[in-house]
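Next up, structure-v7.cif (mmCIF, C-alpha atoms):
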```
data_final
#
loop_
_atom_site.label_atom_id
_atom_site.label_comp_id
_atom_site.auth_asym_id
_atom_site.auth_seq_id
_atom_site.Cartn_x
_atom_site.Cartn_y
_atom_site.Cartn_z
CA MET A 15 0.00 0.00 0.00
CA THR A 16 1.37 3.42 -0.93
CA PHE A 17 1.72 5.96 1.87
CA TYR A 18 0.39 8.99 0.00
CA THR A 19 -3.03 9.25 -1.60
CA ALA A 20 -3.67 10.65 -5.06
CA ALA A 21 -5.11 13.86 -3.56
CA GLN A 22 -2.05 14.32 -1.36
CA ARG A 23 0.15 13.80 -4.42
CA ASP A 24 -1.79 16.45 -6.32
CA ILE A 25 -1.15 19.06 -3.62
CA GLN A 26 2.50 18.05 -3.35
CA GLU A 27 2.81 18.62 -7.07
CA GLN A 28 1.02 21.98 -6.78
CA PHE A 29 3.55 23.21 -4.23
CA GLU A 30 6.53 21.33 -5.72
CA THR A 31 7.14 19.24 -2.58
CA GLN A 32 6.87 15.72 -3.98
CA PRO A 33 10.64 15.05 -3.84
CA LEU A 34 10.69 16.32 -0.25
CA ALA A 35 7.66 14.20 0.66
CA ASP A 36 9.32 11.13 -0.83
CA ALA A 37 12.54 11.83 1.09
CA LEU A 38 10.65 12.19 4.37
CA GLU A 39 8.71 8.99 3.78
CA ALA A 40 11.95 7.12 3.16
CA ALA A 41 13.63 8.67 6.21
CA ILE A 42 10.99 8.50 8.96
CA VAL A 43 7.92 6.43 8.00
CA VAL A 44 8.12 2.80 9.15
CA ASN A 45 5.62 0.04 9.91
CA GLN A 46 7.10 -1.07 13.23
CA LEU A 47 8.08 0.65 16.45
CA ASP A 48 11.74 1.14 17.24
CA ASP A 49 13.21 1.81 20.69
CA MET A 50 12.70 5.56 20.38
CA HIS A 51 9.03 5.22 19.45
CA THR A 52 8.46 2.71 22.25
CA GLY A 53 10.14 4.79 24.94
CA PHE A 54 8.26 7.93 23.94
CA ILE A 55 4.83 6.27 23.73
CA GLU A 56 5.24 4.49 27.07
CA SER A 57 6.29 7.74 28.76
CA ARG A 58 3.05 9.53 27.84
CA ASP A 59 -0.01 9.86 30.06
CA PHE A 60 -2.31 11.07 27.28
CA PHE A 61 -2.73 11.04 23.53
CA PHE A 62 -5.15 12.24 20.87
CA LEU A 63 -7.18 9.58 19.07
CA SER A 64 -8.71 10.18 15.66
CA THR A 65 -11.33 7.84 14.22
CA VAL A 66 -13.71 7.89 11.26
CA ASN A 67 -17.18 6.41 10.86
CA GLY A 68 -18.63 4.57 7.90
CA ARG A 69 -19.96 7.84 6.47
CA GLY A 70 -16.41 9.20 6.31
CA GLU A 71 -17.01 11.63 9.19
CA PRO A 72 -14.00 11.98 11.52
CA THR A 73 -13.79 12.76 15.20
CA VAL A 74 -10.84 13.39 17.52
CA SER A 75 -10.77 12.55 21.23
CA TYR A 76 -8.37 13.30 24.06
CA LYS A 77 -7.46 10.11 25.93
CA GLY A 78 -5.83 10.56 29.33
CA GLY A 79 -4.63 8.11 31.95
CA GLY A 80 -1.56 7.27 33.97
CA VAL A 81 1.95 7.20 32.54
CA GLY A 82 2.06 4.27 30.14
CA THR A 83 -1.66 4.48 29.39
CA VAL A 84 -0.74 3.02 26.00
CA GLN A 85 1.17 -0.27 26.21
CA VAL A 86 3.54 -1.53 23.54
CA LEU A 87 2.77 -5.25 23.23
CA ASP A 88 5.27 -5.85 20.43
CA PRO A 89 6.85 -3.77 17.63
CA SER A 90 3.61 -3.98 15.62
CA THR A 91 0.92 -3.75 18.31
CA LEU A 92 -0.31 -1.16 20.81
CA ALA A 93 -3.04 -1.52 23.42
CA PHE A 94 -4.91 1.11 25.41
CA PRO A 95 -7.90 1.18 27.77
CA ALA A 96 -11.38 2.50 27.12
CA TYR A 97 -12.79 4.17 30.23
CA ASP A 98 -16.28 5.25 31.22
CA GLY A 99 -17.23 8.32 29.20
CA ASN A 100 -20.42 10.11 28.27
CA GLY A 101 -22.14 7.09 26.75
CA MET A 102 -21.85 8.31 23.15
CA PHE A 103 -19.08 5.83 22.26
CA LEU A 104 -18.06 7.81 19.20
CA SER A 105 -14.50 6.49 19.11
CA MET A 106 -15.35 2.88 19.95
CA GLY A 107 -18.26 2.90 17.50
CA ASN A 108 -16.05 4.28 14.76
CA ILE A 109 -13.44 1.62 15.47
CA ALA A 110 -16.14 -1.03 15.11
CA ASP A 111 -17.28 0.70 11.92
CA THR A 112 -14.05 1.25 9.98
CA ALA A 113 -11.18 0.14 12.29
CA LYS A 114 -8.90 2.93 11.04
CA ILE A 115 -7.38 5.21 13.69
CA GLY A 116 -4.72 7.85 14.12
CA MET A 117 -2.84 8.39 17.39
CA LEU A 118 -0.90 11.55 18.21
CA PHE A 119 1.52 11.46 21.15
CA ILE A 120 2.87 14.84 22.28
CA ASP A 121 5.34 16.07 24.87
CA PHE A 122 4.37 19.71 25.39
CA GLU A 123 7.28 20.40 27.73
CA THR A 124 10.24 19.35 25.57
CA PRO A 125 8.43 19.50 22.93
CA ASN A 126 8.27 16.38 20.72
CA ARG A 127 5.68 14.17 19.04
CA VAL A 128 5.10 10.77 17.42
CA ARG A 129 2.26 9.87 15.08
CA VAL A 130 0.75 6.40 14.59
CA GLN A 131 -1.71 5.22 11.97
CA ALA A 132 -3.23 1.85 12.76
CA THR A 133 -6.01 -0.67 12.31
CA ALA A 134 -7.83 -1.21 15.59
CA SER A 135 -10.38 -3.41 17.34
CA PHE A 136 -12.28 -3.02 20.63
CA HIS A 137 -12.60 -5.88 23.14
CA ASP A 138 -14.71 -5.83 26.32
CA ASP A 139 -13.29 -9.17 27.51
CA ASP A 140 -9.60 -8.65 26.78
CA GLU A 141 -7.03 -10.41 28.94
CA LEU A 142 -5.33 -7.04 29.52
CA LEU A 143 -8.30 -5.59 31.42
CA PRO A 144 -6.79 -6.38 34.86
CA HIS A 145 -3.80 -4.21 33.94
CA PHE A 146 -6.08 -1.17 33.57
CA PRO A 147 -8.32 -0.90 36.67
CA GLY A 148 -11.57 0.85 35.87
CA ALA A 149 -11.41 0.20 32.14
CA ILE A 150 -14.53 -1.06 30.35
CA GLY A 151 -12.57 -2.52 27.44
CA ILE A 152 -9.28 -2.61 25.58
CA VAL A 153 -8.40 -1.34 22.12
CA ARG A 154 -5.70 -3.26 20.28
CA ALA A 155 -4.06 -1.36 17.44
CA SER A 156 -2.06 -3.02 14.68
CA ILE A 157 0.40 -0.45 13.35
CA ASP A 158 0.22 0.56 9.71
CA GLN A 159 2.68 3.44 9.91
CA VAL A 160 4.58 5.24 12.67
CA PHE A 161 6.75 8.32 12.36
CA VAL A 162 8.22 11.20 14.31
CA ASN A 163 6.96 14.65 13.45
CA CYS A 164 8.59 18.08 13.48
CA ALA A 165 7.89 19.86 16.79
CA ARG A 166 8.28 23.35 15.35
CA TYR A 167 4.68 24.51 15.93
CA ILE A 168 4.09 22.84 19.30
CA HIS A 169 3.52 25.49 21.97
CA GLN A 170 5.48 24.76 25.13
CA HIS A 171 3.30 24.11 28.18
CA GLU A 172 4.10 23.04 31.72
CA ARG A 173 2.34 19.99 33.13
CA LYS A 174 0.59 20.77 36.42
CA ALA A 175 -1.31 17.71 37.62
CA THR A 176 -2.88 14.37 36.75
CA SER A 177 -6.66 14.45 36.35
CA PRO A 178 -8.37 13.21 39.54
CA TYR A 179 -10.69 11.20 37.29
CA VAL A 180 -7.97 8.78 36.19
CA PRO A 181 -9.01 5.50 37.91
CA ASP A 182 -6.81 4.48 40.83
CA GLU A 183 -5.30 1.03 41.40
CA ASN A 184 -8.75 -0.22 42.46
CA GLY A 185 -10.49 1.29 39.46
CA GLU A 186 -12.13 3.96 41.63
CA GLN A 187 -12.63 7.58 40.54
CA PRO A 188 -14.74 10.57 41.62
CA TYR A 189 -18.26 10.61 40.26
CA PRO A 190 -18.39 13.07 37.32
CA SER A 191 -20.45 16.15 38.07
CA TRP A 192 -21.98 16.35 34.58
CA LYS A 193 -23.91 13.17 35.38
CA ARG A 194 -25.56 15.08 38.24
CA ILE A 195 -27.14 17.68 35.92
CA ASP A 196 -30.91 17.62 36.42
CA MET A 197 -31.76 17.39 32.71
CA ILE A 198 -29.37 14.43 32.30
CA LEU A 199 -30.56 12.36 35.27
CA PRO A 200 -33.60 10.73 33.61
CA PHE A 201 -31.42 9.27 30.88
CA LEU A 202 -28.64 7.77 33.00
CA PRO A 203 -28.30 3.99 33.31
CA GLU A 204 -29.77 2.66 36.55
CA ASP A 205 -26.37 2.08 38.15
CA ASP A 206 -25.44 5.71 37.60
CA GLN A 207 -28.69 7.08 38.96
CA SER A 208 -28.10 5.34 42.28
CA LYS A 209 -24.76 7.14 42.65
CA VAL A 210 -26.01 10.69 42.20
CA ALA A 211 -27.19 11.16 45.78
CA GLU A 212 -23.89 9.82 47.13
CA ALA A 213 -22.04 12.33 44.96
CA GLY A 214 -23.97 15.30 46.39
CA GLY A 215 -27.28 15.20 44.55
CA GLU A 216 -28.47 16.84 41.39
CA ILE A 217 -27.26 20.19 40.10
CA SER A 218 -28.48 22.57 37.42
CA ALA A 219 -26.82 23.11 34.07
CA GLU A 220 -25.93 26.63 35.26
CA GLN A 221 -24.17 25.26 38.35
CA TYR A 222 -22.23 22.83 36.20
CA GLY A 223 -21.25 25.61 33.81
CA GLU A 224 -19.98 27.75 36.68
CA ALA A 225 -17.88 24.86 38.03
CA LEU A 226 -16.58 24.08 34.54
CA ALA A 227 -15.45 27.68 34.05
CA LYS A 228 -13.43 27.39 37.27
CA GLY A 229 -11.89 24.06 36.28
CA GLU A 230 -13.83 22.27 39.03
CA SER A 231 -15.90 19.87 36.93
#
```
Just give me the structure of the file as structure tokens.
Amino acid sequence: MTFYTAAQRDIQEQFETQPLADALEAAIVVNQLDDMHTGFIESRDFFFLSTVNGRGEPTVSYKGGGVGTVQVLDPSTLAFPAYDGNGMFLSMGNIADTAKIGMLFIDFETPNRVRVQATASFHDDDELLPHFPGAIGIVRASIDQVFVNCARYIHQHERKATSPYVPDENGEQPYPSWKRIDMILPFLPEDDQSKVAEAGGEISAEQYGEALAKGES
């Protein structure tokens, strides 16, 4: 399979970058992880996941966890957990639909980044589940291409703290306040509804918005 599409080739030709694009492909694009890729990926506690549905509509999600939230199983395979979200399952549904994903790993402090394009599958009974307390399933990604990417336009940011919502070693996490919003309550699964009172009871959308603006959601 060729790396560049016909449309990408057309634009390369328009801007006279095809020789450069070919040189970069030869220099950095590979189909297996090397030691540098592995070390960088396993040092990250978040990544951006892009998926596309059967209608060709893409979405991008931020996926956070502990350091090593993505495991390198072998030079051709990555695995990462799927945690409780908002019930929309856009990423997991898209994986089931087309299986094609993109993963962007960034170090905002150095800065640096690695990009992965892969074919993925979602498993709710995966043997790796015990390694990710609180996960509802595991995504296994078979690497199609991996490559480092120029960090020139990455803004440098300082990391402050891990999200308190990352499940602990027992899979426990604070109950998310958005599930306490009064207009959301009637649509929650039964297990969730029973937890609202324990978490402090229902709140209004305005109260949630105020907390969100303060970074307290």
Report task. Tell me, in Å to one decimal, how far CA of Asn126 (chain A) is from CA of Gly53 (chain A). Result ->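 A separation of 12.5 Å between them.
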Query raised in the report: Of the candidates A:Pro95, A:Gly229, A:Gly78, A:Gly116, which one gets nearest to Val180 (chain A) if we count only C-alpha atoms?
Result: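 Nearest candidate to Val180 (chain A) out of A:Pro95, A:Gly229, A:Gly78, A:Gly116: A:Gly78.
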**Report entry** Ground truth for the PyMOL selection byres ((chain A and resi 48) around 12), written as a ChimeraX atom specification
**Finding:** /A:42-47,49-55,86,88-91,128,159-162
Report task. Identify all residues satisfying the PyMOL selection byres ((chain A and resi 105) around 10) in the given file; provide them as a ChimeraX atom specification. Result -> /A:63-67,72-75,96,102-104,106-111,113,115,136
Query raised in the report: For the file shown, what are the residues hit by the PyMOL selection byres ((chain A and resi 196) around 7), laid out as a PyMOL selection string?
Result: chain A and resi 194-195+197-199+216-218
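Between CA of Gly82 (chain A) and CA of Pro144 (chain A) there is a distance of 14.6 Å.
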Go ahead and fit an axis-aligned box to every listed atom of region 150-165 of chain A plus 8 Å each side, and pass me the centre and edge lengths in Å, one decimal, as lines of an AutoDock Vina configuration file.
```
center_x = -3.0
center_y = 8.3
center_z = 20.0
size_x = 39.1
size_y = 39.1
size_z = 36.6
```
Query - Residue among A:Arg166, A:Trp192, A:His145, A:Gly185 lying closest to Ala219 (chain A), counting only C-alpha atoms - result: A:Trp192
Requested in this report: Go through A:Ile157, A:Gln85, A:Lys174, A:Met117 and flag the residue nearest Ala132 (chain A), using all atoms listed in the file for the distances.
Outcome: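 So, comparing all the options, the nearest one is A:Ile157.
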Query - Option closest in space to Ala20 (chain A), from A:Leu38, A:Glu230, A:Gln32, A:Gln207 [counting all atoms listed in the file] - result: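 Of A:Leu38, A:Glu230, A:Gln32, A:Gln207, the one nearest Ala20 (chain A) is A:Gln32, counting all atoms listed in the file.
As for CA of Phe17 (chain A) and CA of Thr133 (chain A), they are spaced 14.6 Å apart.
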Report task. For Gln187 (chain A), please output as a PyMOL selection string all residues within 12 Å (counting all atoms listed in the file; exclusion window: fewer than 5 positions along the same chain). Result -> chain A and resi 79+97-98+147-149+177-182+213
Go ahead and write the residues just picked, C-alpha atoms, as a PDB file, keeping the file's coordinate frame.
```pdb
ATOM      1  CA  GLY A  79      -4.630   8.110  31.950  1.00  0.00           C
ATOM      2  CA  TYR A  97     -12.790   4.170  30.230  1.00  0.00           C
ATOM      3  CA  ASP A  98     -16.280   5.250  31.220  1.00  0.00           C
ATOM      4  CA  PRO A 147      -8.320  -0.900  36.670  1.00  0.00           C
ATOM      5  CA  GLY A 148     -11.570   0.850  35.870  1.00  0.00           C
ATOM      6  CA  ALA A 149     -11.410   0.200  32.140  1.00  0.00           C
ATOM      7  CA  SER A 177      -6.660  14.450  36.350  1.00  0.00           C
ATOM      8  CA  PRO A 178      -8.370  13.210  39.540  1.00  0.00           C
ATOM      9  CA  TYR A 179     -10.690  11.200  37.290  1.00  0.00           C
ATOM     10  CA  VAL A 180      -7.970   8.780  36.190  1.00  0.00           C
ATOM     11  CA  PRO A 181      -9.010   5.500  37.910  1.00  0.00           C
ATOM     12  CA  ASP A 182      -6.810   4.480  40.830  1.00  0.00           C
ATOM     13  CA  ALA A 213     -22.040  12.330  44.960  1.00  0.00           C
TER      14      ALA A 213
END
```
